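Undergrad: Got coords_23.pdb for you, PDB, C-alpha atoms:
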```pdb
ATOM      1  CA  MET A  27      81.513  23.330 -42.312  1.00  0.00           C
ATOM      2  CA  LEU A  28      78.829  20.760 -42.949  1.00  0.00           C
ATOM      3  CA  ASN A  29      75.711  21.819 -44.782  1.00  0.00           C
ATOM      4  CA  PRO A  30      72.429  21.485 -42.845  1.00  0.00           C
ATOM      5  CA  TYR A  31      71.495  18.246 -44.620  1.00  0.00           C
ATOM      6  CA  ALA A  32      74.830  16.624 -43.802  1.00  0.00           C
ATOM      7  CA  GLN A  33      74.504  17.743 -40.176  1.00  0.00           C
ATOM      8  CA  SER A  34      71.024  16.217 -39.967  1.00  0.00           C
ATOM      9  CA  ALA A  35      72.285  12.976 -41.486  1.00  0.00           C
ATOM     10  CA  LYS A  36      75.141  12.800 -38.970  1.00  0.00           C
ATOM     11  CA  GLN A  37      72.749  13.448 -36.084  1.00  0.00           C
ATOM     12  CA  TYR A  38      70.418  10.740 -37.368  1.00  0.00           C
ATOM     13  CA  GLN A  39      73.301   8.266 -37.663  1.00  0.00           C
ATOM     14  CA  LYS A  40      74.488   9.088 -34.146  1.00  0.00           C
ATOM     15  CA  GLN A  41      70.999   8.590 -32.714  1.00  0.00           C
ATOM     16  CA  GLN A  42      70.582   5.365 -34.665  1.00  0.00           C
ATOM     17  CA  VAL A  43      73.767   3.956 -33.118  1.00  0.00           C
ATOM     18  CA  GLU A  44      72.942   5.183 -29.614  1.00  0.00           C
ATOM     19  CA  THR A  45      69.479   3.583 -29.614  1.00  0.00           C
ATOM     20  CA  ALA A  46      70.321   0.374 -31.471  1.00  0.00           C
ATOM     21  CA  SER A  47      70.123  -3.066 -29.889  1.00  0.00           C
ATOM     22  CA  PRO A  48      73.294  -5.199 -29.908  1.00  0.00           C
ATOM     23  CA  GLU A  49      71.903  -7.095 -32.892  1.00  0.00           C
ATOM     24  CA  GLU A  50      71.188  -3.882 -34.790  1.00  0.00           C
ATOM     25  CA  LEU A  51      74.675  -2.570 -33.958  1.00  0.00           C
ATOM     26  CA  LEU A  52      76.213  -5.722 -35.385  1.00  0.00           C
ATOM     27  CA  LEU A  53      74.294  -5.298 -38.642  1.00  0.00           C
ATOM     28  CA  LEU A  54      75.194  -1.582 -38.749  1.00  0.00           C
ATOM     29  CA  MET A  55      78.856  -2.528 -38.434  1.00  0.00           C
ATOM     30  CA  TYR A  56      78.574  -4.965 -41.323  1.00  0.00           C
ATOM     31  CA  ASP A  57      76.743  -2.333 -43.394  1.00  0.00           C
ATOM     32  CA  GLY A  58      79.463   0.212 -42.637  1.00  0.00           C
ATOM     33  CA  ALA A  59      82.306  -2.122 -43.548  1.00  0.00           C
ATOM     34  CA  ILE A  60      80.575  -3.125 -46.790  1.00  0.00           C
ATOM     35  CA  ARG A  61      79.878   0.516 -47.660  1.00  0.00           C
ATOM     36  CA  PHE A  62      83.507   1.551 -46.973  1.00  0.00           C
ATOM     37  CA  LEU A  63      84.826  -1.348 -49.047  1.00  0.00           C
ATOM     38  CA  ASN A  64      82.586  -0.474 -51.989  1.00  0.00           C
ATOM     39  CA  VAL A  65      83.921   3.094 -51.892  1.00  0.00           C
ATOM     40  CA  ALA A  66      87.504   1.834 -51.493  1.00  0.00           C
ATOM     41  CA  ARG A  67      87.132  -0.498 -54.468  1.00  0.00           C
ATOM     42  CA  LYS A  68      85.661   2.193 -56.700  1.00  0.00           C
ATOM     43  CA  SER A  69      88.321   4.683 -55.601  1.00  0.00           C
ATOM     44  CA  MET A  70      91.060   2.163 -56.299  1.00  0.00           C
ATOM     45  CA  GLU A  71      89.716   1.622 -59.817  1.00  0.00           C
ATOM     46  CA  GLU A  72      89.695   5.406 -60.297  1.00  0.00           C
ATOM     47  CA  LYS A  73      93.307   5.574 -59.031  1.00  0.00           C
ATOM     48  CA  ASN A  74      92.250   7.731 -56.086  1.00  0.00           C
ATOM     49  CA  ILE A  75      94.715   6.069 -53.734  1.00  0.00           C
ATOM     50  CA  GLU A  76      94.118   8.354 -50.745  1.00  0.00           C
ATOM     51  CA  LYS A  77      90.350   7.849 -50.760  1.00  0.00           C
ATOM     52  CA  SER A  78      90.780   4.117 -51.254  1.00  0.00           C
ATOM     53  CA  HIS A  79      93.301   3.949 -48.407  1.00  0.00           C
ATOM     54  CA  ASN A  80      91.081   5.911 -46.014  1.00  0.00           C
ATOM     55  CA  ASN A  81      88.066   3.704 -46.689  1.00  0.00           C
ATOM     56  CA  LEU A  82      90.092   0.507 -46.367  1.00  0.00           C
ATOM     57  CA  ILE A  83      91.352   1.752 -42.991  1.00  0.00           C
ATOM     58  CA  ARG A  84      87.763   2.437 -41.891  1.00  0.00           C
ATOM     59  CA  ALA A  85      86.740  -1.079 -42.892  1.00  0.00           C
ATOM     60  CA  GLN A  86      89.769  -2.480 -41.033  1.00  0.00           C
ATOM     61  CA  HIS A  87      88.677  -0.610 -37.897  1.00  0.00           C
ATOM     62  CA  ILE A  88      85.215  -2.147 -38.129  1.00  0.00           C
ATOM     63  CA  VAL A  89      86.628  -5.650 -38.572  1.00  0.00           C
ATOM     64  CA  THR A  90      88.868  -5.035 -35.554  1.00  0.00           C
ATOM     65  CA  GLU A  91      85.812  -3.929 -33.575  1.00  0.00           C
ATOM     66  CA  LEU A  92      83.968  -7.085 -34.645  1.00  0.00           C
ATOM     67  CA  MET A  93      86.905  -9.110 -33.318  1.00  0.00           C
ATOM     68  CA  ALA A  94      86.931  -7.188 -30.028  1.00  0.00           C
ATOM     69  CA  SER A  95      83.186  -7.638 -29.547  1.00  0.00           C
ATOM     70  CA  LEU A  96      83.392 -11.428 -29.437  1.00  0.00           C
ATOM     71  CA  ASP A  97      82.853 -13.070 -26.051  1.00  0.00           C
ATOM     72  CA  MET A  98      85.139 -16.094 -26.107  1.00  0.00           C
ATOM     73  CA  GLU A  99      83.762 -17.547 -22.863  1.00  0.00           C
ATOM     74  CA  ILE A 100      80.127 -17.501 -23.923  1.00  0.00           C
ATOM     75  CA  GLY A 101      80.739 -18.017 -27.643  1.00  0.00           C
ATOM     76  CA  GLY A 102      83.198 -20.869 -27.273  1.00  0.00           C
ATOM     77  CA  GLU A 103      84.302 -22.506 -30.498  1.00  0.00           C
ATOM     78  CA  VAL A 104      81.972 -20.396 -32.654  1.00  0.00           C
ATOM     79  CA  ALA A 105      83.497 -17.180 -31.285  1.00  0.00           C
ATOM     80  CA  GLN A 106      87.008 -18.550 -31.773  1.00  0.00           C
ATOM     81  CA  ASN A 107      86.235 -19.452 -35.394  1.00  0.00           C
ATOM     82  CA  LEU A 108      84.706 -16.032 -36.025  1.00  0.00           C
ATOM     83  CA  PHE A 109      87.784 -14.385 -34.501  1.00  0.00           C
ATOM     84  CA  ARG A 110      90.041 -16.330 -36.861  1.00  0.00           C
ATOM     85  CA  LEU A 111      87.857 -15.400 -39.839  1.00  0.00           C
ATOM     86  CA  TYR A 112      87.813 -11.711 -38.865  1.00  0.00           C
ATOM     87  CA  ASP A 113      91.589 -11.832 -38.363  1.00  0.00           C
ATOM     88  CA  TYR A 114      91.984 -13.270 -41.858  1.00  0.00           C
ATOM     89  CA  LEU A 115      89.664 -10.620 -43.353  1.00  0.00           C
ATOM     90  CA  HIS A 116      91.654  -7.894 -41.602  1.00  0.00           C
ATOM     91  CA  TYR A 117      94.881  -9.325 -43.018  1.00  0.00           C
ATOM     92  CA  ARG A 118      93.391  -9.373 -46.527  1.00  0.00           C
ATOM     93  CA  LEU A 119      92.327  -5.732 -46.176  1.00  0.00           C
ATOM     94  CA  VAL A 120      95.835  -4.739 -45.132  1.00  0.00           C
ATOM     95  CA  GLN A 121      97.229  -6.640 -48.119  1.00  0.00           C
ATOM     96  CA  ALA A 122      94.639  -5.098 -50.462  1.00  0.00           C
ATOM     97  CA  ASN A 123      95.732  -1.661 -49.294  1.00  0.00           C
ATOM     98  CA  ILE A 124      99.436  -2.421 -49.720  1.00  0.00           C
ATOM     99  CA  LYS A 125      99.078  -4.152 -53.094  1.00  0.00           C
ATOM    100  CA  LYS A 126      96.170  -2.021 -54.392  1.00  0.00           C
ATOM    101  CA  ASP A 127      94.339  -5.238 -55.233  1.00  0.00           C
ATOM    102  CA  THR A 128      90.595  -5.040 -55.868  1.00  0.00           C
ATOM    103  CA  ALA A 129      90.306  -8.845 -55.953  1.00  0.00           C
ATOM    104  CA  MET A 130      91.219  -8.948 -52.261  1.00  0.00           C
ATOM    105  CA  ILE A 131      88.553  -6.346 -51.524  1.00  0.00           C
ATOM    106  CA  ASP A 132      86.039  -8.449 -53.460  1.00  0.00           C
ATOM    107  CA  GLU A 133      86.979 -11.513 -51.416  1.00  0.00           C
ATOM    108  CA  VAL A 134      86.390  -9.660 -48.139  1.00  0.00           C
ATOM    109  CA  LEU A 135      83.135  -8.185 -49.463  1.00  0.00           C
ATOM    110  CA  THR A 136      81.886 -11.671 -50.313  1.00  0.00           C
ATOM    111  CA  HIS A 137      82.629 -12.908 -46.791  1.00  0.00           C
ATOM    112  CA  LEU A 138      81.116  -9.857 -45.087  1.00  0.00           C
ATOM    113  CA  ARG A 139      77.933 -10.024 -47.151  1.00  0.00           C
ATOM    114  CA  SER A 140      77.574 -13.725 -46.375  1.00  0.00           C
ATOM    115  CA  LEU A 141      78.184 -13.161 -42.660  1.00  0.00           C
ATOM    116  CA  LYS A 142      75.693 -10.296 -42.572  1.00  0.00           C
ATOM    117  CA  GLU A 143      73.052 -12.431 -44.266  1.00  0.00           C
ATOM    118  CA  THR A 144      73.692 -15.268 -41.804  1.00  0.00           C
ATOM    119  CA  TRP A 145      73.408 -12.895 -38.832  1.00  0.00           C
ATOM    120  CA  GLU A 146      70.202 -11.407 -40.230  1.00  0.00           C
ATOM    121  CA  GLN A 147      68.673 -14.875 -40.444  1.00  0.00           C
ATOM    122  CA  ALA A 148      69.907 -15.835 -36.954  1.00  0.00           C
ATOM    123  CA  ILE A 149      68.498 -12.623 -35.488  1.00  0.00           C
ATOM    124  CA  LYS A 150      65.172 -13.215 -37.237  1.00  0.00           C
ATOM    125  CA  ILE A 151      64.976 -16.785 -35.883  1.00  0.00           C
ATOM    126  CA  ALA A 152      65.891 -15.641 -32.352  1.00  0.00           C
ATOM    127  CA  HIS A 153      63.257 -12.908 -32.544  1.00  0.00           C
ATOM    128  CA  GLN A 154      60.613 -15.416 -33.655  1.00  0.00           C
ATOM    129  CA  GLU A 155      61.576 -17.767 -30.836  1.00  0.00           C
ATOM    130  CA  ARG A 156      61.312 -14.943 -28.289  1.00  0.00           C
ATOM    131  CA  GLN A 157      57.867 -14.104 -29.663  1.00  0.00           C
ATOM    132  CA  GLN A 158      56.740 -17.717 -29.330  1.00  0.00           C
ATOM    133  CA  ALA A 159      58.251 -18.268 -25.861  1.00  0.00           C
ATOM    134  CA  PRO A 160      55.468 -16.431 -23.963  1.00  0.00           C
ATOM    135  CA  ASP A 161      52.877 -18.576 -25.767  1.00  0.00           C
ATOM    136  CA  VAL A 162      54.643 -21.782 -24.693  1.00  0.00           C
ATOM    137  CA  GLU A 163      54.949 -20.568 -21.078  1.00  0.00           C
ATOM    138  CA  ALA A 164      51.280 -19.555 -20.984  1.00  0.00           C
ATOM    139  CA  LYS A 165      50.239 -23.024 -22.198  1.00  0.00           C
ATOM    140  CA  GLN A 166      52.401 -24.697 -19.559  1.00  0.00           C
ATOM    141  CA  TYR A 167      50.781 -22.691 -16.760  1.00  0.00           C
ATOM    142  CA  SER A 168      47.244 -23.299 -18.017  1.00  0.00           C
ATOM    143  CA  ALA A 169      47.719 -27.078 -18.194  1.00  0.00           C
TER     144      ALA A 169
END
```
Could I get this file's structure written as structure tokens?
TA:
Amino acid sequence: MLNPYAQSAKQYQKQQVETASPEELLLLMYDGAIRFLNVARKSMEEKNIEKSHNNLIRAQHIVTELMASLDMEIGGEVAQNLFRLYDYLHYRLVQANIKKDTAMIDEVLTHLRSLKETWEQAIKIAHQERQQAPDVEAKQYSA
């Protein structure tokens, strides 16, 4: 049985996911994968193989979901390249779990952190452009 604080936290997380924009969901997925990999790495160092395994599996599920969320028609070559990168990261996580290798976890963490940072910047730029678009349209109509 969950304590009241844990129940509240789970409800908050559920609501956060249900009300998130696609961009926010993407960042939440990266955050989750990074969090699970940090726990897996620490657990592996502590020789807690079961906890490490479970968290690696969770991270693998998120990477698989990232792969499934790609729209190859709209995304074209960028989506195809991301798919290949995610596929490679998934492979490295499987290998890290089999070989109990923290260096492989670190490699995936580095890539995920870099991807998250890139997405954050892209989202910020897109948001700024959307904010400026009404100003440009208004100027066109007033001219």
Undergrad: What does the PyMOL selection byres ((chain A and resi 138-149) around 8) select in this file, as a list in words?
TA: Glu49, Leu53, Tyr56, Ala59, Ile60, Val134, Leu135, Thr136, His137, Lys150, Ile151, Ala152 and His153 of chain A
Undergrad: Which residues fall under the PyMOL selection byres ((chain A and resi 117) around 12) in this file, as an MDAnalysis selection string?
TA: chainID A and resid 82:83 85:87 89:90 110:116 118:124 130:131 133:134
Undergrad: Nearest residue to Lys68 (chain A) out of A:Met55, A:Leu96, A:Ala129, A:Ala46, using only C-alpha atoms?
TA: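 Using only C-alpha atoms, Lys68 (chain A) sits closest to A:Ala129.
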Undergrad: Would you compute the distance between CA of Glu103 (chain A) and CA of Leu52 (chain A)? Give it in Å to one decimal.
TA: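 Pair CA of Glu103 (chain A) / CA of Leu52 (chain A) returns 19.3 Å.
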Undergrad: One decimal, Å: what's the distance from CA of Ala66 (chain A) over to CA of Thr128 (chain A), could you say?
TA: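 About the pair CA of Ala66 (chain A) and CA of Thr128 (chain A): they are 8.7 Å apart.
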Undergrad: Pick the closest to Phe62 (chain A) from A:Ala159, A:Ile88, A:Val104, A:Ile75: which is it, counting all atoms listed in the file?
TA: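 Answer, going by the shortest atom-to-atom distance: A:Ile88.
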Undergrad: What does the structure give for the distance between CA of Asn81 (chain A) and CA of Ala94 (chain A), in Å to one decimal?
TA: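 Atom-to-atom, CA of Asn81 (chain A) and CA of Ala94 (chain A) are spaced 19.9 Å apart.
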Undergrad: Please report, as lines of an AutoDock Vina configuration file, the centre and edge lengths in Å to one decimal of an axis-aligned box covering all listed atoms of region 56-61 of chain A with 8 Å per side.
TA:
```
center_x = 79.5
center_y = -2.2
center_z = -44.5
size_x = 21.6
size_y = 21.5
size_z = 22.3
```
Undergrad: Identify which of the residues A:Leu51, A:Gly58, A:Gln158, A:Asp127 lies closest to Ser95 (chain A), counting only C-alpha atoms when measuring atom-to-atom distances.
TA: A:Leu51
Undergrad: Check the smallest atom-to-atom distance from each of A:Met93, A:Arg61, A:Pro48, A:Glu155 to Gln106 (chain A) using all atoms listed in the file, then report the winner.
TA: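 Distance minimum relative to Gln106 (chain A) lands on A:Met93.
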Undergrad: Determine the nearest neighbour of Arg84 (chain A) from the options A:Gly102, A:Asn64, A:Asp97, A:Met70, counting all atoms listed in the file.
TA: A:Asn64
Undergrad: Fix up region 78-99 of chain A with N, CA and C atoms, then write it as a CSV table (one decimal), in the coordinates of the input.
TA:
```
chain,number,residue,atom,x,y,z
A,78,SER,N,90.8,5.6,-51.4
A,78,SER,CA,90.8,4.1,-51.3
A,78,SER,C,91.4,3.7,-49.9
A,79,HIS,N,92.6,4.3,-49.6
A,79,HIS,CA,93.3,3.9,-48.4
A,79,HIS,C,92.4,4.3,-47.2
A,80,ASN,N,91.9,5.5,-47.2
A,80,ASN,CA,91.1,5.9,-46.0
A,80,ASN,C,89.9,5.0,-45.8
A,81,ASN,N,89.2,4.6,-46.8
A,81,ASN,CA,88.1,3.7,-46.7
A,81,ASN,C,88.5,2.3,-46.3
A,82,LEU,N,89.6,1.8,-46.8
A,82,LEU,CA,90.1,0.5,-46.4
A,82,LEU,C,90.4,0.5,-44.9
A,83,ILE,N,91.0,1.6,-44.4
A,83,ILE,CA,91.4,1.8,-43.0
A,83,ILE,C,90.1,1.7,-42.2
A,84,ARG,N,89.0,2.4,-42.6
A,84,ARG,CA,87.8,2.4,-41.9
A,84,ARG,C,87.2,1.0,-41.8
A,85,ALA,N,87.2,0.3,-42.9
A,85,ALA,CA,86.7,-1.1,-42.9
A,85,ALA,C,87.6,-1.9,-42.0
A,86,GLN,N,88.9,-1.7,-41.9
A,86,GLN,CA,89.8,-2.5,-41.0
A,86,GLN,C,89.4,-2.2,-39.6
A,87,HIS,N,89.1,-1.0,-39.3
A,87,HIS,CA,88.7,-0.6,-37.9
A,87,HIS,C,87.4,-1.4,-37.5
A,88,ILE,N,86.5,-1.4,-38.4
A,88,ILE,CA,85.2,-2.1,-38.1
A,88,ILE,C,85.5,-3.6,-37.9
A,89,VAL,N,86.3,-4.2,-38.7
A,89,VAL,CA,86.6,-5.6,-38.6
A,89,VAL,C,87.3,-5.9,-37.2
A,90,THR,N,88.2,-5.0,-36.9
A,90,THR,CA,88.9,-5.0,-35.6
A,90,THR,C,87.8,-4.9,-34.4
A,91,GLU,N,86.9,-4.1,-34.6
A,91,GLU,CA,85.8,-3.9,-33.6
A,91,GLU,C,85.0,-5.2,-33.5
A,92,LEU,N,84.7,-5.8,-34.6
A,92,LEU,CA,84.0,-7.1,-34.6
A,92,LEU,C,84.8,-8.1,-33.9
A,93,MET,N,86.1,-8.2,-34.0
A,93,MET,CA,86.9,-9.1,-33.3
A,93,MET,C,86.8,-8.8,-31.8
A,94,ALA,N,86.9,-7.6,-31.4
A,94,ALA,CA,86.9,-7.2,-30.0
A,94,ALA,C,85.6,-7.4,-29.4
A,95,SER,N,84.5,-7.5,-30.1
A,95,SER,CA,83.2,-7.6,-29.5
A,95,SER,C,82.8,-9.1,-29.2
A,96,LEU,N,83.7,-10.0,-29.7
A,96,LEU,CA,83.4,-11.4,-29.4
A,96,LEU,C,83.6,-11.8,-28.0
A,97,ASP,N,82.7,-12.6,-27.4
A,97,ASP,CA,82.9,-13.1,-26.1
A,97,ASP,C,83.3,-14.5,-26.2
A,98,MET,N,84.6,-14.8,-25.9
A,98,MET,CA,85.1,-16.1,-26.1
A,98,MET,C,84.6,-17.1,-25.1
A,99,GLU,N,84.3,-16.6,-23.9
A,99,GLU,CA,83.8,-17.5,-22.9
A,99,GLU,C,82.4,-18.0,-23.2
```
